[in-house]
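Visitor: Before we start, here is the structure in question, set down as structure tokens.
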Amino acid sequence: MSVTQQQVLDSLARVKSPRGVALTNANVLSAISASDGKVFFSINVDAAEARAWESIRAEAEAAVRAIPGVTTVMVALTAERKPGSAPPPPPQPSRGTPGVQPVHAHKPPPQGGAQSPMARQSEIPGVAAVIAVASGKGGVGKSTTALNLALGLRDLGLKVGLLDADIYGPSVPRLTGLHDKPELNDERKMIPLRRFGLAIMSIGFLVEEETAMIWRGPMVMSAVTQMLRDVEWGTLDVLVVDMPPGTGDAQLTLAQNVPLKGAVIVSTPQDLSLIDARRGLAMFKKVNVPVLGIVENMSYFQCPHCGTRSDIFGHGGARHEAEKLDVPFLGEIPLHMAIRATSDAGNPVVDSEPDGPHAAIYRAIAGQVRDQLKGVSAPA
């Protein structure tokens, strides 16, 4: 049974705002995505009123979940401080409430003796280590690297999960060939999809591939938080998080929510990419996240017919950058049709060609990451 936006609106009209106004008339709802039993929307409120809206978010989720044919619901509560308004009161730890906690507009990390935003970090139950795979810019093959790194860690005997936090342009559904919708357990947490021996979750499982993902800053923070906390990850040795490109709200939210054990920076050899990679590396260092190393993707092209090697984007730039910044250089991944073709087909090269040279490169990088995680004695 297909669920329509009008059905969702009719259901939400029965939910009252803290002021007694129907939710549909309160001017707080984002556009509603309703397709194939999956419903996604956000409630956008002023940060000063966020605490009063926590229970409303839960009521709205319950109302939509009761619609026949709805299988998955994701309702994000986002909070923005209006210009000139007073900051919201700090949350009281003794007054826990169900659902997603309000997300307040973030501020730069305080200096001196002030409390750090990292004080809000808490472990994900059952997950031993969380690592981020990031890049300073898009188009460098970050998602392909994240997936094959996760598979390389799997081949080393670890229990691995993959979270696609690139909410602007989720690639993991295409890279894994997964298009099913996640089910919910008795605690209303999403159960990750499984393929290749990985526990996999992506915002792309909740919205259609063609949907334009238009996010404001607080919505980004709320969505990332939910993808971390409202998923039943089970017992994992490593959760690999595929980050959006750049140095913005998603990266800061991840660093503030969970104690990251490290970050892997993906770059191409060219100078422009390295400049952006340098910014990403600097951001993780600023929030005290260990940089596990730099990967040079699309490092070179080797002709499959004559064997001639061509350095299309230059060569060795990421290695030199790693030496300059005193961080590990994890390895070079070539620009090769096999990697591209297997990724497009939803059969990543580490799994589809396990005995090939490219799988060996990814496993070697995974081995270095594993060894460095063993040396991280405490969370960042």
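Identifiers for the structure tokens are assigned positionally: chains receive A, B, ... in sequence, residues are indexed from 1 per chain, and ligands are indexed from 1 in the order shown.
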Applying 8 Å and only C-alpha atoms, which residues near A:Ser2 remain after dropping the ones on its own chain fewer than 3 positions away? List them as a list in words.
Guide: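 Residues meeting the cut-off are Ser35, Asp36, Gly37 and Gly69 of chain A.
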Visitor: Pick out the residues sitting within 10 Å of A:Gln6, and hand them over as number ranges by chain; count only C-alpha atoms, and ignore anything fewer than 5 positions along from it in its own chain.
Guide: A: 11-12, 32, 34
Visitor: Would you please work out which residue, of A:Ala132, A:Val8, A:Val258, A:Val231, is nearest to A:Lys189 when using only C-alpha atoms?
Guide: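 That would be A:Val231, the residue with the smallest distance to A:Lys189.
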Visitor: Rounded to one decimal in Å, what is the spacing between atom CA of A:Asp351 and atom CA of A:Gly367?
Guide: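 Distance reported for this atom pair: 16.3 Å.
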Visitor: Nearest to A:Val160: which of A:Ala128, A:Ile67, A:Leu236, A:Val133 is it, counting only C-alpha atoms?
Guide: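 Of A:Ala128, A:Ile67, A:Leu236, A:Val133, the one nearest A:Val160 is A:Leu236, counting only C-alpha atoms.
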Visitor: How many Å lie between atom CA of A:Lys142 and atom CA of A:Tyr362, rounded to one decimal?
Guide: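 Between atom CA of A:Lys142 and atom CA of A:Tyr362 the gap works out to 12.8 Å.
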Visitor: What's the 9 Å shell around A:Ala364, counting only C-alpha atoms, without same-chain residues fewer than 5 positions away, as a VMD selection string?
Guide: chain A and resid 152 330 to 331 359 369
Visitor: Would you output that residue set with N, CA and C atoms, as a PDB file, in the first residue's frame?
Guide:
```pdb
ATOM      1  N   GLY A 152      38.198  -4.306   3.495  1.00  0.00           N
ATOM      2  CA  GLY A 152      39.546  -4.721   3.859  1.00  0.00           C
ATOM      3  C   GLY A 152      39.662  -5.045   5.335  1.00  0.00           C
ATOM      4  N   LEU A 330      49.119   6.212   3.859  1.00  0.00           N
ATOM      5  CA  LEU A 330      48.551   4.873   3.905  1.00  0.00           C
ATOM      6  C   LEU A 330      48.692   4.101   2.598  1.00  0.00           C
ATOM      7  N   GLY A 331      48.811   4.807   1.462  1.00  0.00           N
ATOM      8  CA  GLY A 331      48.987   4.064   0.222  1.00  0.00           C
ATOM      9  C   GLY A 331      48.428   4.770  -0.991  1.00  0.00           C
ATOM     10  N   ALA A 359      42.401  -5.190  -4.695  1.00  0.00           N
ATOM     11  CA  ALA A 359      41.956  -5.648  -3.382  1.00  0.00           C
ATOM     12  C   ALA A 359      43.131  -5.714  -2.414  1.00  0.00           C
ATOM     13  N   VAL A 369      45.489   0.827   9.104  1.00  0.00           N
ATOM     14  CA  VAL A 369      44.466   1.446   9.951  1.00  0.00           C
ATOM     15  C   VAL A 369      44.221   0.593  11.192  1.00  0.00           C
TER      16      VAL A 369
END
```
Visitor: At what distance in Å, to one decimal, does atom CA of A:Glu353 lie from atom CA of A:Leu335?
Guide: 16.0 Å
Visitor: Give me, as a list in words, all polymer residues having an atom no more than 10 Å from A:Gln372, counting only C-alpha atoms and skipping those fewer than 6 positions away in the same chain.
Guide: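 The neighbour list is Lys261, Gly262, Pro290, Val291, Leu292, Gly293, Pro328 and Ala366 of chain A.
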Visitor: Please dump the current selection as an mmCIF file, in the first residue's frame; keep N, CA and C atoms.
Guide:
```cif
data_model
loop_
_atom_site.group_PDB
_atom_site.id
_atom_site.type_symbol
_atom_site.label_atom_id
_atom_site.label_comp_id
_atom_site.auth_asym_id
_atom_site.auth_seq_id
_atom_site.Cartn_x
_atom_site.Cartn_y
_atom_site.Cartn_z
ATOM 1 N N LYS A 261 37.992 7.430 17.034
ATOM 2 C CA LYS A 261 39.332 6.869 17.217
ATOM 3 C C LYS A 261 40.295 7.351 16.139
ATOM 4 N N GLY A 262 39.769 7.978 15.086
ATOM 5 C CA GLY A 262 40.673 8.484 14.062
ATOM 6 C C GLY A 262 39.944 8.834 12.786
ATOM 7 N N PRO A 290 42.584 11.934 16.177
ATOM 8 C CA PRO A 290 43.827 11.484 15.542
ATOM 9 C C PRO A 290 43.638 11.266 14.043
ATOM 10 N N VAL A 291 44.586 11.717 13.253
ATOM 11 C CA VAL A 291 44.561 11.472 11.814
ATOM 12 C C VAL A 291 45.331 10.178 11.555
ATOM 13 N N LEU A 292 44.602 9.152 11.106
ATOM 14 C CA LEU A 292 45.222 7.846 10.879
ATOM 15 C C LEU A 292 46.089 7.841 9.638
ATOM 16 N N GLY A 293 45.858 8.795 8.738
ATOM 17 C CA GLY A 293 46.714 8.885 7.567
ATOM 18 C C GLY A 293 45.991 9.419 6.346
ATOM 19 N N PRO A 328 50.767 9.618 8.866
ATOM 20 C CA PRO A 328 51.087 8.442 8.057
ATOM 21 C C PRO A 328 50.555 8.565 6.628
ATOM 22 N N ALA A 366 43.940 -1.117 4.953
ATOM 23 C CA ALA A 366 43.148 -1.523 6.116
ATOM 24 C C ALA A 366 44.046 -2.060 7.224
#
```
Visitor: Do you know which residues are at most 12 Å from A:Leu184 counting only C-alpha atoms, after dropping those on the same chain fewer than 4 positions away, and could you put them as an MDAnalysis selection string?
Guide: chainID A and resid 38 65 70:74 188:193 230:232
Visitor: Using only N, CA and C atoms, please write the residues we just selected to a file, as an mmCIF file, in the first residue's frame.
Guide:
```
data_model
loop_
_atom_site.group_PDB
_atom_site.id
_atom_site.type_symbol
_atom_site.label_atom_id
_atom_site.label_comp_id
_atom_site.auth_asym_id
_atom_site.auth_seq_id
_atom_site.Cartn_x
_atom_site.Cartn_y
_atom_site.Cartn_z
ATOM 1 N N LYS A 38 8.251 4.615 3.155
ATOM 2 C CA LYS A 38 9.266 5.341 3.922
ATOM 3 C C LYS A 38 8.860 6.807 4.012
ATOM 4 N N ARG A 65 3.714 6.608 12.097
ATOM 5 C CA ARG A 65 3.962 5.169 12.097
ATOM 6 C C ARG A 65 2.655 4.373 12.117
ATOM 7 N N VAL A 70 2.995 2.281 6.313
ATOM 8 C CA VAL A 70 4.253 2.922 6.693
ATOM 9 C C VAL A 70 5.159 1.879 7.345
ATOM 10 N N THR A 71 6.350 1.761 6.840
ATOM 11 C CA THR A 71 7.316 0.797 7.384
ATOM 12 C C THR A 71 8.489 1.458 8.073
ATOM 13 N N THR A 72 8.846 2.660 7.625
ATOM 14 C CA THR A 72 9.996 3.354 8.206
ATOM 15 C C THR A 72 9.655 4.828 8.356
ATOM 16 N N VAL A 73 9.970 5.376 9.529
ATOM 17 C CA VAL A 73 9.741 6.797 9.789
ATOM 18 C C VAL A 73 11.009 7.392 10.365
ATOM 19 N N MET A 74 11.409 8.539 9.853
ATOM 20 C CA MET A 74 12.528 9.277 10.423
ATOM 21 C C MET A 74 12.088 10.728 10.567
ATOM 22 N N ARG A 188 12.254 0.458 18.308
ATOM 23 C CA ARG A 188 12.074 1.451 17.256
ATOM 24 C C ARG A 188 13.405 1.994 16.734
ATOM 25 N N LYS A 189 14.416 1.172 16.800
ATOM 26 C CA LYS A 189 15.691 1.514 16.188
ATOM 27 C C LYS A 189 15.781 0.823 14.831
ATOM 28 N N MET A 190 16.395 1.498 13.869
ATOM 29 C CA MET A 190 16.545 0.923 12.542
ATOM 30 C C MET A 190 17.587 -0.193 12.555
ATOM 31 N N ILE A 191 17.276 -1.261 11.862
ATOM 32 C CA ILE A 191 18.204 -2.389 11.746
ATOM 33 C C ILE A 191 19.000 -2.214 10.462
ATOM 34 N N PRO A 192 20.324 -2.161 10.553
ATOM 35 C CA PRO A 192 21.131 -1.949 9.344
ATOM 36 C C PRO A 192 20.906 -3.062 8.319
ATOM 37 N N LEU A 193 21.023 -2.705 7.052
ATOM 38 C CA LEU A 193 21.015 -3.727 6.005
ATOM 39 C C LEU A 193 22.361 -4.436 6.013
ATOM 40 N N ASP A 230 20.052 6.137 16.424
ATOM 41 C CA ASP A 230 18.786 5.432 16.244
ATOM 42 C C ASP A 230 18.935 4.213 15.355
ATOM 43 N N VAL A 231 20.133 3.645 15.326
ATOM 44 C CA VAL A 231 20.415 2.436 14.546
ATOM 45 C C VAL A 231 20.940 1.363 15.495
ATOM 46 N N GLU A 232 20.427 0.165 15.371
ATOM 47 C CA GLU A 232 20.879 -0.951 16.195
ATOM 48 C C GLU A 232 22.092 -1.589 15.516
#
```
Visitor: Would you mind telling me which residue in A:Gly177, A:Gly141, A:Pro269, A:Gly197 lies nearest to A:Arg154 when using only C-alpha atoms?
Guide: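 The closest residue to A:Arg154 is A:Gly197.
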Visitor: With distances taken over only C-alpha atoms, which residue among A:Ala322, A:Met243, A:Ala338, A:Met227 lies nearest A:Val350?
Guide: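 Selected residue with least distance to A:Val350: A:Ala338.
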Visitor: From the options A:Ala66, A:Leu77, A:Val21, A:Leu147, which residue's atoms come nearest to A:Asp164, counting only C-alpha atoms?
Guide: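 Of A:Ala66, A:Leu77, A:Val21, A:Leu147, the one nearest A:Asp164, counting only C-alpha atoms, is A:Leu147.
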Visitor: Find the residues near stretch 13-16 of chain A: any atom within 8 Å, counting only C-alpha atoms, skip ones fewer than 4 places away on the same chain, and give them as a VMD selection string.
Guide: chain A and resid 9 20 to 25 56 59 to 60 63
Visitor: So, with only C-alpha atoms as the atoms that count, which of A:Phe196, A:Phe329, A:Phe40, A:Trp53 lies closest to A:Val266?
Guide: A:Phe329
Visitor: Which polymer residues have any atom within 10 Å of an atom of A:Val130, counting only C-alpha atoms, with same-chain residues fewer than 2 positions away left out, as a PyMOL selection string?
Guide: chain A and resi 123-124+127-128+132+160-163+236-241+254+258-263+373+379
Visitor: Could you write out that same residue set with C-alpha atoms as a PDB file, in the first residue's frame?
Guide:
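File out24.pdb, as written:
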```pdb
ATOM      1  CA  GLU A 123      30.089   5.773  23.048  1.00  0.00           C
ATOM      2  CA  ILE A 124      27.759   3.916  20.685  1.00  0.00           C
ATOM      3  CA  VAL A 127      30.809  -0.320  18.832  1.00  0.00           C
ATOM      4  CA  ALA A 128      34.469  -0.530  19.850  1.00  0.00           C
ATOM      5  CA  ALA A 132      35.759   8.774   9.725  1.00  0.00           C
ATOM      6  CA  VAL A 160      32.665  -3.937  10.572  1.00  0.00           C
ATOM      7  CA  GLY A 161      29.817  -1.508   9.959  1.00  0.00           C
ATOM      8  CA  LEU A 162      29.534   1.242   7.343  1.00  0.00           C
ATOM      9  CA  LEU A 163      27.561   4.443   7.938  1.00  0.00           C
ATOM     10  CA  LEU A 236      31.187  -4.074  15.937  1.00  0.00           C
ATOM     11  CA  ASP A 237      34.951  -3.783  16.117  1.00  0.00           C
ATOM     12  CA  VAL A 238      34.936  -0.799  13.758  1.00  0.00           C
ATOM     13  CA  LEU A 239      32.254   1.521  12.379  1.00  0.00           C
ATOM     14  CA  VAL A 240      33.516   3.244   9.222  1.00  0.00           C
ATOM     15  CA  VAL A 241      31.742   6.562   8.593  1.00  0.00           C
ATOM     16  CA  LEU A 254      30.282  13.491  14.464  1.00  0.00           C
ATOM     17  CA  VAL A 258      31.145  10.126  19.527  1.00  0.00           C
ATOM     18  CA  PRO A 259      34.783   9.717  20.572  1.00  0.00           C
ATOM     19  CA  LEU A 260      36.329   9.156  17.164  1.00  0.00           C
ATOM     20  CA  LYS A 261      39.332   6.869  17.217  1.00  0.00           C
ATOM     21  CA  GLY A 262      40.673   8.484  14.062  1.00  0.00           C
ATOM     22  CA  ALA A 263      40.124   9.884  10.585  1.00  0.00           C
ATOM     23  CA  LEU A 373      43.693   1.624  16.111  1.00  0.00           C
ATOM     24  CA  PRO A 379      39.174   7.869  22.754  1.00  0.00           C
TER      25      PRO A 379
END
```
